[in-house]
Structure formats: structure tokens, C-alpha cells
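File shown: work09.txt (compact mmCIF, C-alpha atoms (C1' of nucleotides)).
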```
# COMPACT_ATOMS: atom_id res chain seq x y z
CA MET A 1 -37.34 3.18 53.84
CA ALA A 2 -33.68 2.21 54.18
CA ASN A 3 -31.23 2.58 51.32
CA ARG A 4 -30.21 -0.62 49.65
CA ARG A 5 -26.64 0.60 49.25
CA SER A 6 -23.97 1.92 51.55
CA ALA A 7 -23.49 5.67 51.55
CA ALA A 8 -20.20 5.44 49.70
CA HIS A 9 -21.86 3.84 46.69
CA VAL A 10 -24.98 5.91 46.35
CA THR A 11 -23.59 8.46 43.91
CA ALA A 12 -21.69 6.13 41.63
CA GLY A 13 -24.00 3.18 41.77
CA ARG A 14 -27.41 4.66 41.05
CA ASP A 15 -27.17 4.84 37.31
CA THR A 16 -23.55 4.43 36.47
CA LYS A 17 -23.94 3.85 32.76
CA LYS A 18 -25.81 7.11 32.25
CA ALA A 19 -23.35 8.93 34.47
CA ILE A 20 -20.49 7.66 32.30
CA HIS A 21 -22.34 8.72 29.15
CA ASP A 22 -23.00 12.23 30.46
CA ALA A 23 -19.49 12.76 31.83
CA ALA A 24 -18.02 11.57 28.52
CA VAL A 25 -20.09 14.02 26.48
CA ARG A 26 -19.13 16.87 28.77
CA LEU A 27 -15.43 16.07 28.66
CA PHE A 28 -15.35 15.31 24.92
CA VAL A 29 -16.93 18.73 24.25
CA ALA A 30 -14.62 20.52 26.68
CA LYS A 31 -11.34 18.78 25.86
CA GLY A 32 -11.78 16.74 22.68
CA PHE A 33 -12.22 13.01 22.07
CA GLU A 34 -8.63 11.84 21.88
CA GLU A 35 -7.54 14.34 24.52
CA THR A 36 -9.94 12.85 27.07
CA SER A 37 -8.71 9.65 28.70
CA LEU A 38 -10.95 6.96 30.10
CA ARG A 39 -9.28 7.57 33.43
CA GLU A 40 -10.57 11.17 33.44
CA ILE A 41 -14.09 10.01 32.67
CA ALA A 42 -13.89 7.40 35.41
CA ASP A 43 -12.63 10.01 37.87
CA ALA A 44 -15.49 12.36 36.98
CA VAL A 45 -18.00 9.59 37.67
CA GLY A 46 -16.26 8.47 40.83
CA ILE A 47 -15.26 4.98 39.69
CA THR A 48 -12.11 3.41 38.30
CA LYS A 49 -11.20 2.66 34.73
CA PRO A 50 -11.90 -1.10 34.82
CA SER A 51 -15.37 -0.40 36.19
CA LEU A 52 -16.01 1.75 33.15
CA TYR A 53 -15.17 -1.20 30.92
CA TYR A 54 -17.93 -3.18 32.60
CA HIS A 55 -20.47 -0.74 31.11
CA TYR A 56 -18.84 0.00 27.74
CA PRO A 57 -16.57 -2.48 25.96
CA SER A 58 -14.27 0.19 24.50
CA LYS A 59 -13.74 3.92 24.18
CA LEU A 60 -14.99 3.75 20.60
CA GLU A 61 -18.22 2.03 21.64
CA LEU A 62 -18.78 4.79 24.18
CA LEU A 63 -18.39 7.36 21.42
CA VAL A 64 -20.76 5.45 19.15
CA ALA A 65 -23.38 5.27 21.91
CA ILE A 66 -23.22 9.06 22.21
CA ILE A 67 -23.54 9.94 18.54
CA ASN A 68 -25.82 7.14 17.32
CA PRO A 69 -29.16 8.88 18.05
CA LEU A 70 -28.07 11.92 16.05
CA LEU A 71 -26.65 9.86 13.20
CA ASP A 72 -29.84 7.81 12.99
CA ASP A 73 -31.90 10.97 12.57
CA LEU A 74 -29.57 12.38 9.92
CA LYS A 75 -29.48 9.10 8.03
CA ALA A 76 -33.28 8.89 8.04
CA LEU A 77 -33.50 12.45 6.75
CA SER A 78 -31.01 11.87 3.93
CA GLU A 79 -32.91 8.73 2.88
CA GLN A 80 -36.33 10.36 2.72
CA VAL A 81 -35.09 13.49 0.97
CA ALA A 82 -35.62 12.13 -2.54
CA GLU A 83 -39.39 11.96 -1.98
CA ILE A 84 -39.73 15.60 -1.02
CA ALA A 85 -40.87 18.08 -3.65
CA PRO A 86 -37.97 20.42 -4.54
CA ASP A 87 -39.94 23.62 -3.99
CA ALA A 88 -39.92 26.32 -1.30
CA ASP A 89 -42.12 24.26 1.02
CA GLY A 90 -39.97 21.18 0.56
CA ARG A 91 -36.77 23.07 1.28
CA ARG A 92 -38.30 24.51 4.43
CA THR A 93 -39.37 21.03 5.55
CA ILE A 94 -35.91 19.57 5.03
CA LEU A 95 -34.14 22.42 6.78
CA ARG A 96 -36.58 22.32 9.69
CA THR A 97 -36.16 18.57 10.16
CA TYR A 98 -32.39 18.93 10.13
CA LEU A 99 -32.57 21.84 12.55
CA ARG A 100 -34.81 19.94 14.96
CA ALA A 101 -32.35 17.05 14.96
CA MET A 102 -29.62 19.52 15.96
CA ILE A 103 -31.76 20.90 18.78
CA ARG A 104 -32.84 17.46 20.00
CA HIS A 105 -29.28 16.09 20.05
CA ARG A 106 -27.57 19.31 20.99
CA ASP A 107 -24.81 17.79 23.12
CA ALA A 108 -23.86 15.07 20.68
CA GLY A 109 -24.01 17.55 17.80
CA GLU A 110 -21.77 20.07 19.50
CA MET A 111 -19.30 17.29 20.24
CA MET A 112 -19.30 16.27 16.58
CA VAL A 113 -18.91 19.66 14.95
CA ARG A 114 -16.15 20.68 17.34
CA ASN A 115 -14.21 17.44 16.89
CA ALA A 116 -15.30 16.65 13.37
CA VAL A 117 -12.14 15.13 11.95
CA PRO A 118 -11.22 12.73 14.76
CA ILE A 119 -14.78 11.58 15.31
CA VAL A 120 -15.65 11.08 11.66
CA ASN A 121 -12.44 9.13 11.19
CA ALA A 122 -13.13 7.05 14.29
CA VAL A 123 -16.55 5.89 13.12
CA ALA A 124 -16.04 6.00 9.34
CA ASP A 125 -15.19 2.31 9.13
CA GLN A 126 -18.38 1.23 10.86
CA PHE A 127 -20.75 3.75 9.31
CA PRO A 128 -19.60 4.72 5.83
CA VAL A 129 -23.12 5.87 5.04
CA VAL A 130 -23.29 8.71 7.51
CA VAL A 131 -20.20 10.35 6.06
CA ASP A 132 -22.21 11.06 2.90
CA ALA A 133 -25.45 12.18 4.56
CA ASN A 134 -24.43 15.83 4.63
CA LYS A 135 -23.42 15.70 0.98
CA THR A 136 -26.74 14.16 0.01
CA LEU A 137 -28.66 16.91 1.79
CA ARG A 138 -26.46 19.63 0.35
CA ASP A 139 -26.87 18.36 -3.20
CA TRP A 140 -30.64 18.16 -2.78
CA LEU A 141 -30.79 21.70 -1.43
CA ALA A 142 -28.67 22.92 -4.34
CA GLY A 143 -31.37 21.71 -6.71
CA PRO A 144 -31.37 19.77 -9.99
CA ASP A 145 -29.04 22.24 -11.71
CA PRO A 146 -26.28 22.67 -9.12
CA THR A 147 -24.18 25.65 -10.11
CA PRO A 148 -21.25 26.57 -7.85
CA VAL A 149 -23.29 29.46 -6.45
CA ARG A 150 -26.19 27.16 -5.55
CA LEU A 151 -23.86 24.63 -3.95
CA LEU A 152 -22.23 27.31 -1.84
CA ARG A 153 -25.62 28.67 -0.77
CA ALA A 154 -26.79 25.18 0.17
CA SER A 155 -23.68 24.70 2.32
CA ALA A 156 -24.26 28.10 3.89
CA ALA A 157 -27.86 27.24 4.77
CA MET A 158 -26.89 23.96 6.41
CA GLU A 159 -24.00 25.58 8.23
CA ILE A 160 -26.36 28.08 9.83
CA LEU A 161 -28.38 25.31 11.42
CA THR A 162 -25.35 24.18 13.43
CA VAL A 163 -25.58 27.46 15.34
CA ALA A 164 -28.39 25.74 17.25
CA LEU A 165 -25.74 23.56 18.87
CA VAL A 166 -24.23 26.55 20.66
CA SER A 167 -27.40 28.63 21.08
CA LYS A 168 -27.28 28.25 24.87
CA GLU A 169 -23.95 30.05 24.84
CA VAL A 170 -24.75 32.65 22.18
CA ALA A 171 -28.22 33.54 23.46
CA PRO A 172 -28.87 31.92 26.85
CA ASP A 173 -32.34 33.45 27.14
CA ALA A 174 -33.64 32.15 23.81
CA GLU A 175 -36.15 29.28 24.02
CA ASP A 176 -35.74 26.42 21.58
CA ASP A 177 -38.79 27.56 19.61
CA LEU A 178 -37.21 30.97 19.06
CA VAL A 179 -33.91 29.38 18.08
CA GLU A 180 -35.71 27.20 15.56
CA THR A 181 -37.70 30.04 14.01
CA THR A 182 -34.76 32.42 13.86
CA LEU A 183 -32.25 30.01 12.37
CA LEU A 184 -34.72 28.54 9.91
CA ASP A 185 -35.52 32.01 8.57
CA ALA A 186 -31.83 32.83 8.36
CA ALA A 187 -31.05 29.57 6.53
CA ILE A 188 -33.81 30.16 3.98
CA ALA A 189 -32.58 33.71 3.45
CA ALA A 190 -29.06 32.42 2.86
CA LEU A 191 -30.26 29.72 0.48
CA ARG A 192 -32.17 32.18 -1.72
CA PRO A 193 -30.79 35.65 -0.87
CA ASP A 194 -32.61 37.28 -3.77
CA GLY A 195 -35.95 35.77 -2.77
CA GLU A 196 -36.30 33.69 -5.92
CA MET B 197 26.42 23.17 -11.81
CA ALA B 198 26.79 20.25 -9.41
CA ASN B 199 24.37 19.70 -6.58
CA ARG B 200 25.69 20.73 -3.21
CA ARG B 201 23.96 17.76 -1.57
CA SER B 202 23.97 14.05 -2.18
CA ALA B 203 20.99 12.67 -4.07
CA ALA B 204 19.52 11.06 -0.95
CA HIS B 205 19.21 14.43 0.74
CA VAL B 206 17.89 16.59 -2.05
CA THR B 207 14.19 16.11 -1.34
CA ALA B 208 14.30 16.38 2.41
CA GLY B 209 17.03 18.95 2.70
CA ARG B 210 15.94 21.69 0.33
CA ASP B 211 13.44 23.41 2.55
CA THR B 212 12.75 21.03 5.35
CA LYS B 213 11.03 23.48 7.65
CA LYS B 214 8.40 24.39 5.09
CA ALA B 215 7.97 20.74 4.15
CA ILE B 216 7.29 19.92 7.82
CA HIS B 217 4.79 22.78 8.03
CA ASP B 218 2.89 21.69 4.94
CA ALA B 219 2.85 18.01 5.84
CA ALA B 220 1.61 18.85 9.33
CA VAL B 221 -1.29 20.94 8.01
CA ARG B 222 -2.29 18.21 5.62
CA LEU B 223 -2.21 15.49 8.28
CA PHE B 224 -3.87 17.59 10.97
CA VAL B 225 -6.76 18.30 8.59
CA ALA B 226 -7.03 14.68 7.48
CA LYS B 227 -6.56 12.92 10.83
CA GLY B 228 -6.80 15.51 13.60
CA PHE B 229 -4.16 17.18 15.77
CA GLU B 230 -3.82 14.69 18.61
CA GLU B 231 -4.36 11.75 16.26
CA THR B 232 -1.34 12.77 14.18
CA SER B 233 2.02 11.77 15.66
CA LEU B 234 5.26 13.56 14.97
CA ARG B 235 6.57 10.29 13.60
CA GLU B 236 3.90 10.37 10.87
CA ILE B 237 4.83 13.93 9.97
CA ALA B 238 8.51 13.04 9.88
CA ASP B 239 7.79 10.03 7.67
CA ALA B 240 5.77 12.17 5.27
CA VAL B 241 8.70 14.57 4.94
CA GLY B 242 11.27 11.82 4.69
CA ILE B 243 13.19 12.53 7.90
CA THR B 244 13.16 11.12 11.43
CA LYS B 245 11.46 12.49 14.49
CA PRO B 246 14.56 13.97 16.15
CA SER B 247 15.31 15.87 12.93
CA LEU B 248 11.88 17.41 13.17
CA TYR B 249 12.72 18.69 16.64
CA TYR B 250 15.67 20.53 15.16
CA HIS B 251 13.22 22.74 13.22
CA TYR B 252 10.36 23.00 15.74
CA PRO B 253 10.95 22.76 19.50
CA SER B 254 7.66 20.97 20.21
CA LYS B 255 4.45 19.74 18.63
CA LEU B 256 2.63 22.69 20.18
CA GLU B 257 5.03 25.20 18.62
CA LEU B 258 4.46 23.57 15.25
CA LEU B 259 0.72 24.03 15.72
CA VAL B 260 1.18 27.65 16.76
CA ALA B 261 3.31 28.36 13.69
CA ILE B 262 0.49 27.05 11.50
CA ILE B 263 -2.36 29.01 13.02
CA ASN B 264 -0.59 32.24 13.98
CA PRO B 265 -1.07 34.06 10.63
CA LEU B 266 -4.82 33.44 10.80
CA LEU B 267 -5.06 34.38 14.47
CA ASP B 268 -3.15 37.59 13.85
CA ASP B 269 -5.64 38.64 11.17
CA LEU B 270 -8.63 37.82 13.37
CA LYS B 271 -7.13 39.64 16.34
CA ALA B 272 -6.47 42.72 14.22
CA LEU B 273 -10.05 42.66 12.93
CA SER B 274 -11.56 42.34 16.40
CA GLU B 275 -9.45 45.26 17.63
CA GLN B 276 -10.39 47.65 14.84
CA VAL B 277 -14.07 46.76 14.91
CA ALA B 278 -15.01 49.44 17.43
CA GLU B 279 -14.05 52.19 14.99
CA ILE B 280 -16.34 50.96 12.23
CA ALA B 281 -19.72 52.62 11.81
CA PRO B 282 -22.48 50.16 12.77
CA ASP B 283 -24.45 50.56 9.55
CA ALA B 284 -25.02 48.37 6.50
CA ASP B 285 -21.73 49.45 4.90
CA GLY B 286 -19.82 48.81 8.13
CA ARG B 287 -21.32 45.35 8.55
CA ARG B 288 -20.40 44.48 4.97
CA THR B 289 -16.85 45.69 5.54
CA ILE B 290 -16.43 43.59 8.68
CA LEU B 291 -17.90 40.46 7.13
CA ARG B 292 -15.79 40.87 4.00
CA THR B 293 -12.57 41.31 5.98
CA TYR B 294 -13.36 38.22 8.03
CA LEU B 295 -14.21 36.26 4.89
CA ARG B 296 -11.01 37.28 3.13
CA ALA B 297 -9.01 36.09 6.14
CA MET B 298 -10.72 32.70 5.81
CA ILE B 299 -9.90 32.52 2.11
CA ARG B 300 -6.31 33.66 2.60
CA HIS B 301 -5.63 31.17 5.40
CA ARG B 302 -7.86 28.41 4.09
CA ASP B 303 -5.70 25.48 5.23
CA ALA B 304 -5.11 26.75 8.75
CA GLY B 305 -8.77 27.73 9.05
CA GLU B 306 -10.06 24.36 7.94
CA MET B 307 -7.73 22.73 10.44
CA MET B 308 -9.08 24.94 13.21
CA VAL B 309 -12.82 24.57 12.56
CA ARG B 310 -12.54 20.81 12.16
CA ASN B 311 -10.47 20.36 15.32
CA ALA B 312 -11.77 23.34 17.25
CA VAL B 313 -11.81 21.97 20.77
CA PRO B 314 -8.34 20.41 20.94
CA ILE B 315 -6.66 23.28 19.14
CA VAL B 316 -8.32 26.05 21.10
CA ASN B 317 -7.44 24.26 24.32
CA ALA B 318 -3.87 23.73 23.18
CA VAL B 319 -3.23 27.42 22.54
CA ALA B 320 -5.64 28.97 25.04
CA ASP B 321 -2.97 29.35 27.73
CA GLN B 322 -0.66 31.28 25.45
CA PHE B 323 -3.26 33.33 23.61
CA PRO B 324 -6.23 34.05 25.85
CA VAL B 325 -7.12 37.00 23.64
CA VAL B 326 -7.92 35.08 20.50
CA VAL B 327 -10.50 32.94 22.29
CA ASP B 328 -12.63 36.08 22.65
CA ALA B 329 -12.13 37.49 19.14
CA ASN B 330 -15.13 35.66 17.71
CA LYS B 331 -17.30 36.83 20.57
CA THR B 332 -16.23 40.43 20.02
CA LEU B 333 -17.12 40.26 16.34
CA ARG B 334 -20.42 38.54 17.02
CA ASP B 335 -21.44 41.12 19.62
CA TRP B 336 -20.56 43.94 17.24
CA LEU B 337 -22.59 42.39 14.43
CA ALA B 338 -25.54 41.93 16.78
CA GLY B 339 -25.61 45.70 17.27
CA PRO B 340 -26.01 48.00 20.28
CA ASP B 341 -29.30 46.38 21.35
CA PRO B 342 -28.45 42.67 21.19
CA THR B 343 -31.68 40.72 21.43
CA PRO B 344 -31.45 36.92 21.31
CA VAL B 345 -32.66 37.02 17.70
CA ARG B 346 -29.94 39.47 16.68
CA LEU B 347 -27.26 37.44 18.46
CA LEU B 348 -28.36 34.26 16.70
CA ARG B 349 -28.39 36.04 13.34
CA ALA B 350 -24.91 37.40 13.96
CA SER B 351 -23.66 33.91 14.74
CA ALA B 352 -25.37 32.60 11.63
CA ALA B 353 -23.71 35.22 9.43
CA MET B 354 -20.25 34.46 10.80
CA GLU B 355 -20.82 30.73 10.52
CA ILE B 356 -21.59 31.09 6.81
CA LEU B 357 -18.19 32.59 6.16
CA THR B 358 -16.47 29.40 7.35
CA VAL B 359 -17.94 27.66 4.30
CA ALA B 360 -15.10 29.35 2.41
CA LEU B 361 -12.72 26.95 4.16
CA VAL B 362 -14.26 23.96 2.35
CA SER B 363 -15.27 25.72 -0.88
CA LYS B 364 -12.77 23.69 -2.90
CA GLU B 365 -14.62 20.56 -1.88
CA VAL B 366 -18.17 21.93 -2.14
CA ALA B 367 -17.69 23.77 -5.43
CA PRO B 368 -14.32 22.89 -6.99
CA ASP B 369 -14.92 25.10 -10.03
CA ALA B 370 -15.69 28.28 -8.08
CA GLU B 371 -12.95 30.94 -8.16
CA ASP B 372 -12.16 32.70 -4.90
CA ASP B 373 -13.85 35.88 -6.13
CA LEU B 374 -17.09 34.02 -6.70
CA VAL B 375 -16.80 32.33 -3.30
CA GLU B 376 -16.32 35.71 -1.67
CA THR B 377 -19.26 37.36 -3.43
CA THR B 378 -21.63 34.44 -2.90
CA LEU B 379 -20.89 33.89 0.77
CA LEU B 380 -20.86 37.60 1.59
CA ASP B 381 -24.32 38.03 0.07
CA ALA B 382 -25.57 34.95 1.93
CA ALA B 383 -24.14 36.20 5.23
CA ILE B 384 -25.76 39.61 4.85
CA ALA B 385 -29.06 37.95 3.96
CA ALA B 386 -28.82 35.80 7.10
CA LEU B 387 -27.91 38.78 9.27
CA ARG B 388 -30.93 40.82 8.14
CA PRO B 389 -33.35 38.34 6.57
CA ASP B 390 -36.13 40.94 6.37
CA GLY B 391 -33.89 43.43 4.61
CA GLU B 392 -34.04 46.00 7.42
C1' DG C 393 21.00 18.84 10.03
C1' DT C 394 20.22 14.22 10.44
C1' DC C 395 20.80 10.09 12.65
C1' DT C 396 20.41 5.77 16.44
C1' DA C 397 19.08 4.84 20.85
C1' DT C 398 16.64 5.79 24.82
C1' DA C 399 14.17 8.17 28.91
C1' DT C 400 9.79 8.86 30.79
C1' DA C 401 4.98 8.87 30.89
C1' DC C 402 0.42 7.73 29.77
C1' DC C 403 -2.75 5.40 26.91
C1' DG C 404 -6.49 1.59 26.08
C1' DA C 405 -7.46 -2.70 27.59
C1' DT C 406 -7.34 -7.14 30.49
C1' DA C 407 -6.78 -10.62 34.51
C1' DG C 408 -8.56 -11.99 38.43
C1' DA C 409 -9.94 -11.16 43.47
C1' DC C 410 -13.91 -9.79 46.10
C1' DG D 411 -20.12 -4.05 39.78
C1' DT D 412 -16.08 -2.43 41.48
C1' DC D 413 -11.58 -3.02 42.72
C1' DT D 414 -5.86 -3.57 42.52
C1' DA D 415 -2.33 -4.69 39.55
C1' DT D 416 -0.43 -4.99 35.21
C1' DC D 417 0.33 -5.88 30.06
C1' DG D 418 1.67 -4.21 25.62
C1' DG D 419 1.99 -0.34 22.88
C1' DT D 420 2.93 4.29 21.58
C1' DA D 421 3.49 9.12 22.56
C1' DT D 422 6.55 13.39 23.17
C1' DA D 423 10.88 14.59 23.94
C1' DT D 424 16.08 14.24 24.67
C1' DA D 425 21.24 12.62 24.57
C1' DG D 426 24.88 12.29 21.96
C1' DA D 427 27.44 10.46 17.63
C1' DC D 428 28.42 11.93 12.96
```
For the structure just supplied, provide its representation as C-alpha cells.
Amino acid sequence: MANRRSAAHVTAGRDTKKAIHDAAVRLFVAKGFEETSLREIADAVGITKPSLYYHYPSKLELLVAIINPLLDDLKALSEQVAEIAPDADGRRTILRTYLRAMIRHRDAGEMMVRNAVPIVNAVADQFPVVVDANKTLRDWLAGPDPTPVRLLRASAAMEILTVALVSKEVAPDAEDDLVETTLLDAAIAALRPDGE
Amino acid sequence: MANRRSAAHVTAGRDTKKAIHDAAVRLFVAKGFEETSLREIADAVGITKPSLYYHYPSKLELLVAIINPLLDDLKALSEQVAEIAPDADGRRTILRTYLRAMIRHRDAGEMMVRNAVPIVNAVADQFPVVVDANKTLRDWLAGPDPTPVRLLRASAAMEILTVALVSKEVAPDAEDDLVETTLLDAAIAALRPDGE
DNA sequence: GTCTATATACCGATAGAC
DNA sequence: GTCTATCGGTATATAGAC
């Protein structure tokens, strides 16, 4: 079977949109969102900047395409949280769902936590809801009588789950199942250090 | 006693360098490092951009001046860590020292964790050592036989301590002493969730 | 120490040919 | 779908007057 494209176009032309997406994630994580120019992304893919605009209408839309799957999961979680029973089982369920979202969208999540301010500001106008998702989850985890200590513990528990985003660097040999089990246990221990 | 300066210069002229420093921290935290222009900082202080260059030779040097006190503390901690006994008391000492550095340099720390990628990249050439300080501390906390589980727990414990950087937002009423006690207990619980 | 004016470079984005 | 060429804007940084 003969190729339908000339040799020079095989690499760039096969699935350019996905190649742009992947190169953008890699460069945004390595260099930062604002510090990465569309020209660098185009170079990494092997095309020019105007060709990139054929696939994504703007740099912001490219960013939104990267983070949307993660934000959708977090939004869904924050909306269903009110129906969960506020007991030990419920807390474990919420933390595990959050943790699995981090593992599933590891690249996008790492990009977000390492460039939190610029990225949140960039998308805040379009998605005001997602800015509050973390606060909703934290308040729920803190319980109906949120003392400062409980609020700090809730933040600590959620913060632990973001370690999943860099687990490949911290513990390259750990499978995702081990990462999930380990971090979930650690988060629960941080949330209720005295085992109450 | 008459003022030595005209009224128009009182605000900007009294301690311009510190005013630039403080305005820069505030804007870098709110908008991001690259997203904040020197013109915005100058406007916030009430001077022009060339006047800013009289006090700081470049935007990068301004950034370095902000984060240096924190980096010095972290470097010192990572260098003295080898002399600490690797027992429960030693781990508590290390975690508490790290946590107190976060509380002491809260503004610079919040700026760093929320703009980690751009800032680390910006100073990595000049300070290759500090990039490894976190890894040194993590490896020490994981102990002499660092299994993946222990490495993940060590990362989790350190991650908790960064909650101190946003404690004023999470729990505005909590004094620093309460923040320190609460997060230190949570970190130790995450590091050894089974109480070993 | 602060200013006006400017040099130089790169950014995101677009026009239009092929 | 990809290209060459370019627009309009803004960035860091500097020169030189006061």
C-alpha cells in the first residue's frame, strides 16, 4: 500500500491537532503557559504558526482544550458532593474520586498546579464556577462545624492528592493503583490525625 | 519640622525600593510573574518604569530579591539534614523547620508554589542547587530504604506544609502557632499513617 | 532619583497565495 | 492544511535631560 502523503508531510500531517495538543502540554509544564510561545509549539510539531491557528482559534482556546476534561470532572464532583453522607465512608469516596481525576488527567493537572495563577486568571472569565470547586470540596471535607483546625486539615488532605500529579517523578516504579492507595490513606490520616 | 520633599514625592520617595518589592510580590501572586509587567509595578508604586530600573537592574533581579530569603532557609535546611538522626524526633524537627520557613516567608512562598514552573526556570541557571533542595529533603524523609510507598508519603508530608502559605485564606482566624501545630501533626500522620 | 523618549525584539493574530 | 509576509501591540531595557 502506498502512502497518501509525501514523505515530508507524514510526521506533521498524520494527526496534527493531537500533536499540537501534546506538544503544548509538554511545553506548558516545562516552561509555563505565558513563557511558551505559539511559535515554539509550532516548531515542536514541525509546522508554522499560522498552521497552528487552523486547528485552534487562539492560544487561550488551546489551553481550554487541555484543561477542560479535568475541570469537567472536578465540577461534577463538587456538584454531587452535597448528596454524599458526611461520614468516614463518604469522605473516603470524595477523596478517592478527586484522586482518580488527578491520576486520569495527570498532565493537565500538573500543568495547572504548577502554573496556577496564570491559568486560573486566563480561564476565570469563562468558567467562574471552577474557581470555587476546590473551596466547595474543602468546606464539605471540613464538616458542618468548620473550625480553623478542620479547615486546615481538609486543605492538607486535598493537597496530598496533588502528589499524584508528580508520582512518575517521585516514585517511577509505583503503579497507579499503588499511588491511589498510598495517597488516599495518607489524605485520610491527615484529615483525621487522631483517628476520630 | 518641614518635609524635606515636595508633597508630590512623599509617597513614592520615602522608601521606594521596599515599595517596589512589596508591590511586585502582590502582583506576582495575583497575576503571575510573566503576566505582570514592570509598568504595572511602577504604576502601583507611583513611579515610572525607568525609575524602577534605578532600584533593580532587571525584572529577574527583582524576582531573585523576593525569593532569596526563602531559598536561603531551604538551602540551609537541606544541607544540615544529613546530621539529623532519622528517628521520629528528627523527622518532626525537619518538618517543623521547613514549616516555619513557609510561615516566615509566606508571601514569597505563595508566589513560588503558584508560579512554580516560570520562577524555577527563571532562577535555575543562577541557583542550580535550590532546585534539588526539595528532593534532598524528600529522600531524607523517605528514610534509608526508600520504597515507592515511603517516597510518596514523604512527598505528601512536605506538600501539606505548603498549606501554610494560604492559611490566611483557608482559615483567616487561625494564629500562626495553631497553623504550625495543626499542619505539623497532619504531616506526621501522612508520613506514617499506621503510626509506625 | 525621577523623568520623557526611544531602541530592539517578540508576541498573538491575520491576509491571502497555493 | 500549510505556507510567506506582515500588522498592531506590548515587553524589557536604555539614553540622556533635569
Listed atoms of chain C boxed axis-aligned with 5 Å per side, centre + edges as AutoDock Vina command-line options:
```
--center_x 3.5 --center_y 3.4 --center_z 28.1 --size_x 44.9 --size_y 40.8 --size_z 46.1
```
Compile the residues of chain A that lie within 10 Å of chain C, evaluated using only C-alpha atoms (C1' of nucleotides), and express the compilation as a list in words. Ser37, Leu38, Arg39, Lys49, Pro50, Tyr53, Pro57, Ser58 and Lys59 of chain A
Residues at most 9 Å from region 158-169 of chain A, counting all atoms listed in the file, excluding those fewer than 6 positions away in the same chain, as a compact mmCIF listing (two decimals) with C-alpha atoms, in the coordinates of the input?
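What ended up in out.txt:
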```txt
# COMPACT_ATOMS: atom_id res chain seq x y z
CA LEU A 95 -34.14 22.42 6.78
CA ARG A 96 -36.58 22.32 9.69
CA TYR A 98 -32.39 18.93 10.13
CA LEU A 99 -32.57 21.84 12.55
CA ARG A 100 -34.81 19.94 14.96
CA MET A 102 -29.62 19.52 15.96
CA ILE A 103 -31.76 20.90 18.78
CA HIS A 105 -29.28 16.09 20.05
CA ARG A 106 -27.57 19.31 20.99
CA ASP A 107 -24.81 17.79 23.12
CA ALA A 108 -23.86 15.07 20.68
CA GLY A 109 -24.01 17.55 17.80
CA GLU A 110 -21.77 20.07 19.50
CA VAL A 113 -18.91 19.66 14.95
CA ASN A 134 -24.43 15.83 4.63
CA LEU A 137 -28.66 16.91 1.79
CA ARG A 138 -26.46 19.63 0.35
CA GLU A 175 -36.15 29.28 24.02
CA ASP A 176 -35.74 26.42 21.58
CA VAL A 179 -33.91 29.38 18.08
CA GLU A 180 -35.71 27.20 15.56
CA LEU A 183 -32.25 30.01 12.37
CA LEU A 184 -34.72 28.54 9.91
CA ALA A 186 -31.83 32.83 8.36
CA ALA A 187 -31.05 29.57 6.53
CA ALA A 190 -29.06 32.42 2.86
CA LEU A 191 -30.26 29.72 0.48
CA LEU B 348 -28.36 34.26 16.70
CA ARG B 349 -28.39 36.04 13.34
CA SER B 351 -23.66 33.91 14.74
CA ALA B 352 -25.37 32.60 11.63
CA ALA B 353 -23.71 35.22 9.43
CA MET B 354 -20.25 34.46 10.80
CA GLU B 355 -20.82 30.73 10.52
CA ILE B 356 -21.59 31.09 6.81
CA THR B 358 -16.47 29.40 7.35
CA VAL B 359 -17.94 27.66 4.30
CA ALA B 386 -28.82 35.80 7.10
```
Restrict the distance test to only C-alpha atoms (C1' of nucleotides), flag each residue of chain D within 9 Å of chain B, and return the flagged residues as a CSV table (one decimal) with C-alpha atoms (C1' of nucleotides), in the frame of the given file.
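Saved to result.csv:
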```csv
chain,number,residue,atom,x,y,z
D,421,DA,C1',3.5,9.1,22.6
D,422,DT,C1',6.6,13.4,23.2
D,423,DA,C1',10.9,14.6,23.9
D,424,DT,C1',16.1,14.2,24.7
```
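For chain B, the residues close to chain A, meaning within 6 Å and counting all atoms listed in the file, are Gly228, Arg310, Asn311, Ala312, Val313, Pro314, Pro344, Ala352, Ile356, Ala367, Ala370, Ala382, Ala385, Ala386 and Pro389 of chain B.
Here CA of Ile94 (chain A) stands at a distance of 9.5 Å from CA of Trp140 (chain A).
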